[in-house]
Each structure stands twice: as structure tokens, then as C-alpha cells.
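Structure first, then comments.
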Amino acid sequence: MFTINENYLKLQGNYLFSTIAGKVNEYKANNQDADIIRLGIGDVTQPIVPAIIEALHKAVDEMGTEEGFHGYGPEQGYAFLRETIAREDYRARGCEIKADEIFISDGAKCDVGNIQEIFGIDNRVAICDPVYPVYVDTNVMAGRTGAYNSITNGFDHLIYMPCTPMNGFVPELPSVIPDIIYLCFPNNPTGMTITKERLQQWVDYANKNGAVILYDAAYEAYISEKGIPHSIYECEGARTCAIEMHSFSKNAGFTGLRLGYTVIPKELQSNGTSLHSLWNRRHGTKYNGAPYIVQRAGEAVYSEVGKKQLSEQIAYYMKNAKTIREGLTSYGYTVYGGDNAPYIWWKVPNGKKSWQFFDELLEKVQIVGTPGVGFGVNGEGFFRLTAFGTYENTIEALERIKRM
Ligand code: PLP
């Protein structure tokens, strides 16, 4: 008789967004005419910009010719894309990252989920609370939990770092030293950022204690203020302690096209073993490369015209963020984030719980957001709204909230 991976039984309930989808479907079934505004899941709504569509068409046409056909490509990605990323995302910012330290993939979710495979099972993992649930769940699936601790009602090997208004939603350096540290800035779900000085403290802490930082920079393109790092490699010493993940989903609308990348500097080692070579081995064994046409589309993200069109698209979403932030503030609510990120972290009024507020907003004004507690216990009492809706829906949502 086969057995199962029992670690899966330790996972908490449903994946957050499946639970939300279930609730919304149930509401729709009972209220068929309801005009629901979805500001919950962080999916983009604007079409792919013309420069990228043009690159896609060109690559599709190439595939129909003998000389332009591409079969299996290099698992790590085509040189044209890796070199473009090294030049545009790193060298242009003064960061020393080479093309062969960049691994192209079909998105950041797979990479942030899979990267834990190259680490020992007994590593202690530090995770922000609230947090993007993938970091926690993939470590639990792998069994990187340690023993169950009945006093803390949690697992020994998972160190939760509270991110609250008290610390500006940037975690304190933990006193129990972790081996693996997940950081994500600009942050999902709080929409808050970290200064270069604070990030440098994390890099110094990781180097001093032999820890590795897994830095998720999926929302880097939304940074508009000076002094906020776009990459952890802007900090001194990050090459010996940090892995960085990027997504093309939110900066270029690739949620349906799928493209991302992970950077592992060659100096990053554990007892003389290079993490770069481990990931290279893993990538080559379990992954056959992102599609050629999508990588050509990714290259177009960095063309002059592509950059211009995308900066307009980001400005569109950030106008939504500003509208939500300023609207809710003017109604007397407390909100965080939304300055350098497409998320607004809304303090639920009158001491209500996050899920109670979710039900209330859905039933009274047909707005779907994400209950903060779904991202961790320190998310209780908060509610996440995204700026990825259309401008018209964003305005309509605020009108409805005002009436409520
Ligand atoms: N990392 C964070 C913090 C995210 O919020 C998301 C998506 O919402 C991802 C990664 C996943 O990105 P991708 O679409 O590239 O898989």
C-alpha cells in the first residue's frame, strides 16, 4: 500500500485564495445579478503593452521557419535575456551580477517555492508575519518544521517575525538565529518597503551568522521613492548571503504569460559547496526552460519603447493605489502601504476580525478583498486591497465604501 507525504497534512486549511474564491462563488450563486468588484487576488487587469505583443508575434513567426525554429533551449534561459537582465536590472544600478548567475524560469512563485529544496531539512526558517503564504507552505510540505511546540502552538523550526505598525512592518533581527530568512520588499501583503540602511543590517546579520536571505523582489518596479533598494545586491556583502527572485508578472503583466528569474551569486556557499551549482543541477534536472517566445517577450520589457509603455502602465496602477489610500484616509480609516507598492493594508475598523470584515464588504457592497489573517496571525485586524483593478472599478469601490 502506498503512503503519502504526511507533511501535507500539517498544512493549514485551504490555500487562502481558494477559500476566497469559494466564498465569492457561493455568494454569486445566491445573488446572480451582483456586480462584484474584485480587489482581492493580486492579478493585473491591463493588457500586455504593444512593444511586448510585437515581440511575441515576431517570435511566433520565427518558430514557423526552419532557421528560426527553437526547440529545447538552455534550461537556465537564453543568453539574450540573461545578458539583458544583468545589464538593465543590475549593472545599471551599480550591482555586480553576471548573466550566468541569473536563472530564467516561468515565474517567481515556482522559484520561491522550489528554492528550499537545496537546503538541509533541519534548517531553521525565519518568515515575516504576515507573509506571502508560499514561503511557509513549501517549507511545511518539505517537512522543514521541526517538532510541534504546544507552548507556542507552532513548529520549532519556523521562526515568525511580527511585522506590525510598531516596527513599521519591517521585522526585527531575530534573537534565535535562523539559517534561512525570507524577506520580501516592497512587501506583499502590507505594501510597505525597507530602507537601504535596514536592509544592510539584515545582510550584515546574515553574513555574521552564516544565514542565507531569500529576497523576493516581485514588486520592485513599483518603487518610486529614492533611498529604497530595488535589489538586495545594492547592499555591501549581499553576494555572500543572498538569493534574489524576480517576477515579470506585476511589472509587465506576465501573470498569464509566465516569466521570472532567480539570481544566485557564485560566492554564495555552504561549507565550500556553491548554491549556484546546486540550483543549476536542480534546474537542469527538473526544468526544461521557459518558452522561447516568452523569453523574447521578456527581452522587449527592457527595450526603450517597452520601458516607456510599462512605466505608463505602472503609473496607472499607482494612481489606483493613491486613490484608495487617499480615499480611505479621507473617510477616517487607517491605511498603510500603497506608496511604493500596489497593495494597501487597511486597518479593519471597530476592532472587527478580518474574515468578518470580508463577509461584510462582500454582502453589503460586493467588494472582494483579502482578509489579513490569511497571511498570518499578525495580519488579524487588517485587510488587503490591491491597486490592480481598473481605475473605474477602483473609483466605484470607494464610492460604495463611502456609502457603507
Ligand atoms: N512573490 C510574491 C511576493 C508575490 O506576491 C507573487 C504573486 O503574487 C509572486 C511571488 C509570484 O509571482 P509569479 O507570478 O512570477 O509566479
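Here, A, B, ... name the chains of the C-alpha cells in the order displayed, residue numbers run from 1 inside each chain, and ligands are numbered from 1 in the same displayed order.
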
Would you name the residues within 10 Å of ligand 1, counting only C-alpha atoms and all ligand atoms, and put them as a PDB file with C-alpha atoms, in the first residue's frame?
ATOM      1  CA  ILE A  41      -6.133  38.397  -5.542  1.00  0.00           C
ATOM      2  CA  GLY A  42      -3.130  40.312  -6.882  1.00  0.00           C
ATOM      3  CA  ASP A  43      -3.758  39.711 -10.583  1.00  0.00           C
ATOM      4  CA  VAL A  44      -3.241  42.508 -13.080  1.00  0.00           C
ATOM      5  CA  SER A 105      12.075  30.417 -15.019  1.00  0.00           C
ATOM      6  CA  ASP A 106       8.340  30.535 -15.585  1.00  0.00           C
ATOM      7  CA  GLY A 107       7.683  32.798 -12.608  1.00  0.00           C
ATOM      8  CA  ALA A 108       8.707  33.730  -9.104  1.00  0.00           C
ATOM      9  CA  LYS A 109       6.163  31.514  -7.362  1.00  0.00           C
ATOM     10  CA  CYS A 110       7.860  28.333  -8.613  1.00  0.00           C
ATOM     11  CA  ASP A 111      11.285  29.651  -7.679  1.00  0.00           C
ATOM     12  CA  VAL A 112      10.385  30.850  -4.170  1.00  0.00           C
ATOM     13  CA  GLY A 113       8.582  27.541  -3.678  1.00  0.00           C
ATOM     14  CA  VAL A 131       3.626  36.801   4.809  1.00  0.00           C
ATOM     15  CA  TYR A 132       3.075  35.575   1.239  1.00  0.00           C
ATOM     16  CA  PRO A 133       1.832  32.055   2.166  1.00  0.00           C
ATOM     17  CA  VAL A 134       4.037  30.191  -0.345  1.00  0.00           C
ATOM     18  CA  TYR A 135       7.167  30.559   1.827  1.00  0.00           C
ATOM     19  CA  LEU A 183      12.304  38.785   3.040  1.00  0.00           C
ATOM     20  CA  CYS A 184      10.023  40.476   0.515  1.00  0.00           C
ATOM     21  CA  PHE A 185      10.156  44.212  -0.214  1.00  0.00           C
ATOM     22  CA  PRO A 186       8.114  46.040  -1.392  1.00  0.00           C
ATOM     23  CA  ASN A 187       6.002  43.741   0.692  1.00  0.00           C
ATOM     24  CA  ASN A 188       3.057  41.591  -0.115  1.00  0.00           C
ATOM     25  CA  PRO A 189       0.683  41.903   1.768  1.00  0.00           C
ATOM     26  CA  TYR A 215      14.903  38.059  -1.165  1.00  0.00           C
ATOM     27  CA  ASP A 216      11.661  38.282  -3.118  1.00  0.00           C
ATOM     28  CA  ALA A 217      11.716  41.433  -5.253  1.00  0.00           C
ATOM     29  CA  ALA A 218       8.490  40.713  -7.197  1.00  0.00           C
ATOM     30  CA  TYR A 219       7.230  44.296  -6.670  1.00  0.00           C
ATOM     31  CA  MET A 245      13.852  36.324  -7.068  1.00  0.00           C
ATOM     32  CA  HIS A 246      12.091  38.472  -9.639  1.00  0.00           C
ATOM     33  CA  SER A 247       8.833  38.163 -11.492  1.00  0.00           C
ATOM     34  CA  PHE A 248       7.636  39.653 -14.787  1.00  0.00           C
ATOM     35  CA  SER A 249       4.044  39.356 -13.575  1.00  0.00           C
ATOM     36  CA  LYS A 250       3.481  42.688 -11.903  1.00  0.00           C
ATOM     37  CA  ASN A 251       5.938  44.958 -13.738  1.00  0.00           C
ATOM     38  CA  GLY A 253       1.575  41.944 -16.895  1.00  0.00           C
ATOM     39  CA  PHE A 254       3.001  38.429 -17.427  1.00  0.00           C
ATOM     40  CA  THR A 255       0.659  36.712 -14.925  1.00  0.00           C
ATOM     41  CA  GLY A 256      -0.725  34.685 -17.848  1.00  0.00           C
ATOM     42  CA  LEU A 257       2.440  34.576 -19.993  1.00  0.00           C
ATOM     43  CA  ARG A 258       4.678  33.371 -17.098  1.00  0.00           C
ATOM     44  CA  LEU A 259       8.288  34.502 -16.694  1.00  0.00           C
ATOM     45  CA  GLY A 260      10.602  35.134 -13.751  1.00  0.00           C
ATOM     46  CA  TYR A 261      14.201  34.754 -12.680  1.00  0.00           C
ATOM     47  CA  TYR A 343      -1.099  46.912  -2.071  1.00  0.00           C
TER      48      TYR A 343
END

Quick one: contact table of stretch 164-280 of chain A to stretch 57-79 of chain A, 12 Å max, nearest atom pair and distance in Å to one decimal per residue, counting only C-alpha atoms, chain and number order, as a Markdown table?
| residue | atom | partner | partner_atom | distance |
| --- | --- | --- | --- | --- |
| A:Leu259 | CA | A:Gly77 | CA | 10.5 |
| A:Gly260 | CA | A:Gly77 | CA | 10.4 |
| A:Tyr261 | CA | A:Gly77 | CA | 9.1 |
| A:Thr262 | CA | A:Gln76 | CA | 9.8 |
| A:Val263 | CA | A:Gln76 | CA | 10.9 |
| A:Ile264 | CA | A:Gln76 | CA | 11.9 |
| A:His276 | CA | A:Gln76 | CA | 11.4 |
| A:Ser277 | CA | A:Gln76 | CA | 11.7 |
| A:Trp279 | CA | A:Gln76 | CA | 9.9 |
| A:Asn280 | CA | A:Gln76 | CA | 7.5 |

How would the residues just chosen look if you wrote them out with N, CA and C atoms as a short mmCIF file (atom, residue, chain, number, x, y, z; two decimals), in the first residue's frame?
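Output file part36.cif is given in full below:
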data_model
loop_
_atom_site.label_atom_id
_atom_site.label_comp_id
_atom_site.auth_asym_id
_atom_site.auth_seq_id
_atom_site.Cartn_x
_atom_site.Cartn_y
_atom_site.Cartn_z
N LEU A 259 6.83 34.33 -16.59
CA LEU A 259 8.29 34.50 -16.69
C LEU A 259 8.82 35.08 -15.38
N GLY A 260 9.97 34.60 -14.97
CA GLY A 260 10.60 35.13 -13.75
C GLY A 260 12.08 34.78 -13.79
N TYR A 261 12.79 35.18 -12.76
CA TYR A 261 14.20 34.75 -12.68
C TYR A 261 14.70 34.78 -11.25
N THR A 262 15.76 33.99 -11.03
CA THR A 262 16.40 33.91 -9.72
C THR A 262 17.89 34.15 -9.90
N VAL A 263 18.44 34.94 -8.98
CA VAL A 263 19.88 35.25 -9.03
C VAL A 263 20.59 34.53 -7.89
N ILE A 264 21.64 33.78 -8.23
CA ILE A 264 22.47 33.16 -7.18
C ILE A 264 23.93 33.49 -7.49
N HIS A 276 24.97 28.08 -6.22
CA HIS A 276 24.76 28.27 -7.65
C HIS A 276 24.82 26.92 -8.37
N SER A 277 25.82 26.10 -8.01
CA SER A 277 25.92 24.82 -8.74
C SER A 277 24.81 23.86 -8.31
N TRP A 279 21.71 24.75 -7.48
CA TRP A 279 20.47 25.18 -8.17
C TRP A 279 20.56 24.88 -9.67
N ASN A 280 21.75 25.02 -10.20
CA ASN A 280 21.98 24.71 -11.62
C ASN A 280 21.65 23.24 -11.87
#

**Which of stretch 244-360 of chain A fall in helix (DSSP H, G or I), as an MDAnalysis selection string** = chainID A and resid 249:252 275:286 292:300 304:330 349:351 354:360

**Prompt:** What's the 9 Å shell around stretch 312-329 of chain A, counting only C-alpha atoms, without same-chain residues fewer than 6 positions away, as an MDAnalysis selection string?
**Reply:** chainID A and resid 44 46 49 221:222 250:252 335:344 346 385:391 394:395 397:398 401:402

Output the selection as a tab-separated table (two decimals), in the first residue's frame - N, CA, C and O atoms for each residue.
chain	number	residue	atom	x	y	z
A	44	VAL	N	-3.17	41.25	-12.33
A	44	VAL	CA	-3.24	42.51	-13.08
A	44	VAL	C	-4.45	42.50	-14.02
A	44	VAL	O	-5.00	41.43	-14.31
A	46	GLN	N	-4.63	45.14	-16.82
A	46	GLN	CA	-4.35	45.88	-18.05
A	46	GLN	C	-3.71	44.96	-19.10
A	46	GLN	O	-2.92	44.08	-18.76
A	49	VAL	N	1.44	45.39	-23.09
A	49	VAL	CA	1.72	46.61	-23.88
A	49	VAL	C	2.17	46.24	-25.32
A	49	VAL	O	2.71	45.15	-25.55
A	221	ALA	N	9.43	47.03	-9.22
A	221	ALA	CA	9.15	48.06	-10.23
A	221	ALA	C	8.23	49.16	-9.69
A	221	ALA	O	8.11	50.22	-10.31
A	222	TYR	N	7.59	48.92	-8.55
A	222	TYR	CA	6.65	49.91	-8.01
A	222	TYR	C	7.31	50.93	-7.09
A	222	TYR	O	6.66	51.84	-6.59
A	250	LYS	N	4.10	41.46	-12.36
A	250	LYS	CA	3.48	42.69	-11.90
A	250	LYS	C	4.09	43.92	-12.57
A	250	LYS	O	3.47	44.95	-12.66
A	251	ASN	N	5.33	43.80	-13.06
A	251	ASN	CA	5.94	44.96	-13.74
A	251	ASN	C	5.56	44.99	-15.22
A	251	ASN	O	5.64	46.03	-15.85
A	252	ALA	N	5.14	43.82	-15.78
A	252	ALA	CA	4.90	43.78	-17.22
A	252	ALA	C	3.64	43.00	-17.60
A	252	ALA	O	3.43	42.73	-18.77
A	335	VAL	N	-4.70	53.47	6.99
A	335	VAL	CA	-4.18	52.59	5.95
A	335	VAL	C	-2.66	52.70	5.87
A	335	VAL	O	-2.09	53.73	6.22
A	336	TYR	N	-2.04	51.62	5.43
A	336	TYR	CA	-0.59	51.58	5.25
A	336	TYR	C	-0.29	51.13	3.81
A	336	TYR	O	-1.15	50.54	3.15
A	337	GLY	N	0.95	51.34	3.38
A	337	GLY	CA	1.39	50.88	2.06
A	337	GLY	C	0.83	51.74	0.94
A	337	GLY	O	0.33	52.85	1.16
A	338	GLY	N	0.95	51.21	-0.29
A	338	GLY	CA	0.38	51.90	-1.45
A	338	GLY	C	1.21	53.06	-1.99
A	338	GLY	O	0.80	53.69	-2.96
A	339	ASP	N	2.38	53.35	-1.37
A	339	ASP	CA	3.24	54.42	-1.90
A	339	ASP	C	4.24	53.88	-2.91
A	339	ASP	O	4.52	54.51	-3.93
A	340	ASN	N	4.81	52.73	-2.58
A	340	ASN	CA	5.83	52.12	-3.42
A	340	ASN	C	5.46	50.67	-3.73
A	340	ASN	O	6.33	49.83	-3.97
A	341	ALA	N	4.18	50.38	-3.64
A	341	ALA	CA	3.70	49.00	-3.85
A	341	ALA	C	2.23	49.06	-4.24
A	341	ALA	O	1.53	50.01	-3.87
A	342	PRO	N	1.77	48.04	-4.97
A	342	PRO	CA	0.37	48.06	-5.41
A	342	PRO	C	-0.60	47.51	-4.38
A	342	PRO	O	-1.71	47.11	-4.75
A	343	TYR	N	-0.21	47.42	-3.12
A	343	TYR	CA	-1.10	46.91	-2.07
A	343	TYR	C	-1.35	47.96	-1.00
A	343	TYR	O	-0.44	48.70	-0.62
A	344	ILE	N	-2.59	47.96	-0.51
A	344	ILE	CA	-2.97	48.84	0.59
A	344	ILE	C	-3.39	47.95	1.75
A	344	ILE	O	-4.21	47.04	1.59
A	346	TRP	N	-5.17	47.82	5.05
A	346	TRP	CA	-6.25	48.61	5.66
A	346	TRP	C	-6.51	48.09	7.07
A	346	TRP	O	-6.79	46.90	7.24
A	385	LEU	N	-6.18	45.41	0.10
A	385	LEU	CA	-6.80	45.76	-1.18
A	385	LEU	C	-5.70	45.91	-2.21
A	385	LEU	O	-4.60	46.38	-1.89
A	386	THR	N	-5.98	45.52	-3.45
A	386	THR	CA	-4.96	45.68	-4.48
A	386	THR	C	-5.31	46.86	-5.39
A	386	THR	O	-6.47	47.21	-5.55
A	387	ALA	N	-4.26	47.39	-6.00
A	387	ALA	CA	-4.42	48.51	-6.93
A	387	ALA	C	-4.48	47.99	-8.37
A	387	ALA	O	-4.40	48.77	-9.32
A	388	PHE	N	-4.62	46.66	-8.53
A	388	PHE	CA	-4.57	46.08	-9.87
A	388	PHE	C	-5.91	46.07	-10.60
A	388	PHE	O	-6.01	45.53	-11.69
A	389	GLY	N	-6.95	46.64	-9.97
A	389	GLY	CA	-8.23	46.70	-10.67
A	389	GLY	C	-8.18	47.78	-11.75
A	389	GLY	O	-7.16	48.43	-11.97
A	390	THR	N	-9.31	47.97	-12.42
A	390	THR	CA	-9.37	49.09	-13.37
A	390	THR	C	-9.61	50.36	-12.56
A	390	THR	O	-10.11	50.32	-11.43
A	391	TYR	N	-9.28	51.50	-13.16
A	391	TYR	CA	-9.48	52.78	-12.46
A	391	TYR	C	-10.97	52.97	-12.16
A	391	TYR	O	-11.35	53.38	-11.05
A	394	THR	N	-12.00	50.93	-9.27
A	394	THR	CA	-11.40	51.45	-8.04
A	394	THR	C	-12.24	52.62	-7.51
A	394	THR	O	-12.57	52.68	-6.32
A	395	ILE	N	-12.62	53.52	-8.42
A	395	ILE	CA	-13.44	54.67	-8.04
A	395	ILE	C	-14.80	54.19	-7.53
A	395	ILE	O	-15.29	54.64	-6.48
A	397	ALA	N	-15.52	51.29	-6.24
A	397	ALA	CA	-15.36	50.61	-4.95
A	397	ALA	C	-15.32	51.63	-3.82
A	397	ALA	O	-15.95	51.46	-2.77
A	398	LEU	N	-14.60	52.73	-4.05
A	398	LEU	CA	-14.50	53.75	-2.99
A	398	LEU	C	-15.85	54.43	-2.75
A	398	LEU	O	-16.20	54.71	-1.61
A	401	ILE	N	-17.81	52.07	-0.61
A	401	ILE	CA	-17.31	52.04	0.78
A	401	ILE	C	-17.80	53.30	1.52
A	401	ILE	O	-18.22	53.24	2.66
A	402	LYS	N	-17.77	54.41	0.79
A	402	LYS	CA	-18.21	55.68	1.40
A	402	LYS	C	-19.69	55.55	1.81
A	402	LYS	O	-20.07	55.92	2.92

**Item:** Per-residue DSSP, stretch 152-379 of chain A, filtered to strand (DSSP E), as a PyMOL selection string
**Value:** chain A and resi 154-155+158-162+180-184+212-216+242-247+260-263+269-270+273-274+335-337+343-347+367-368+370-371

**Request:** Take atom CA of A:Lys226 and atom CA of A:Thr193 and report the distance between them in Å, one decimal.
**Result:** 11.6 Å
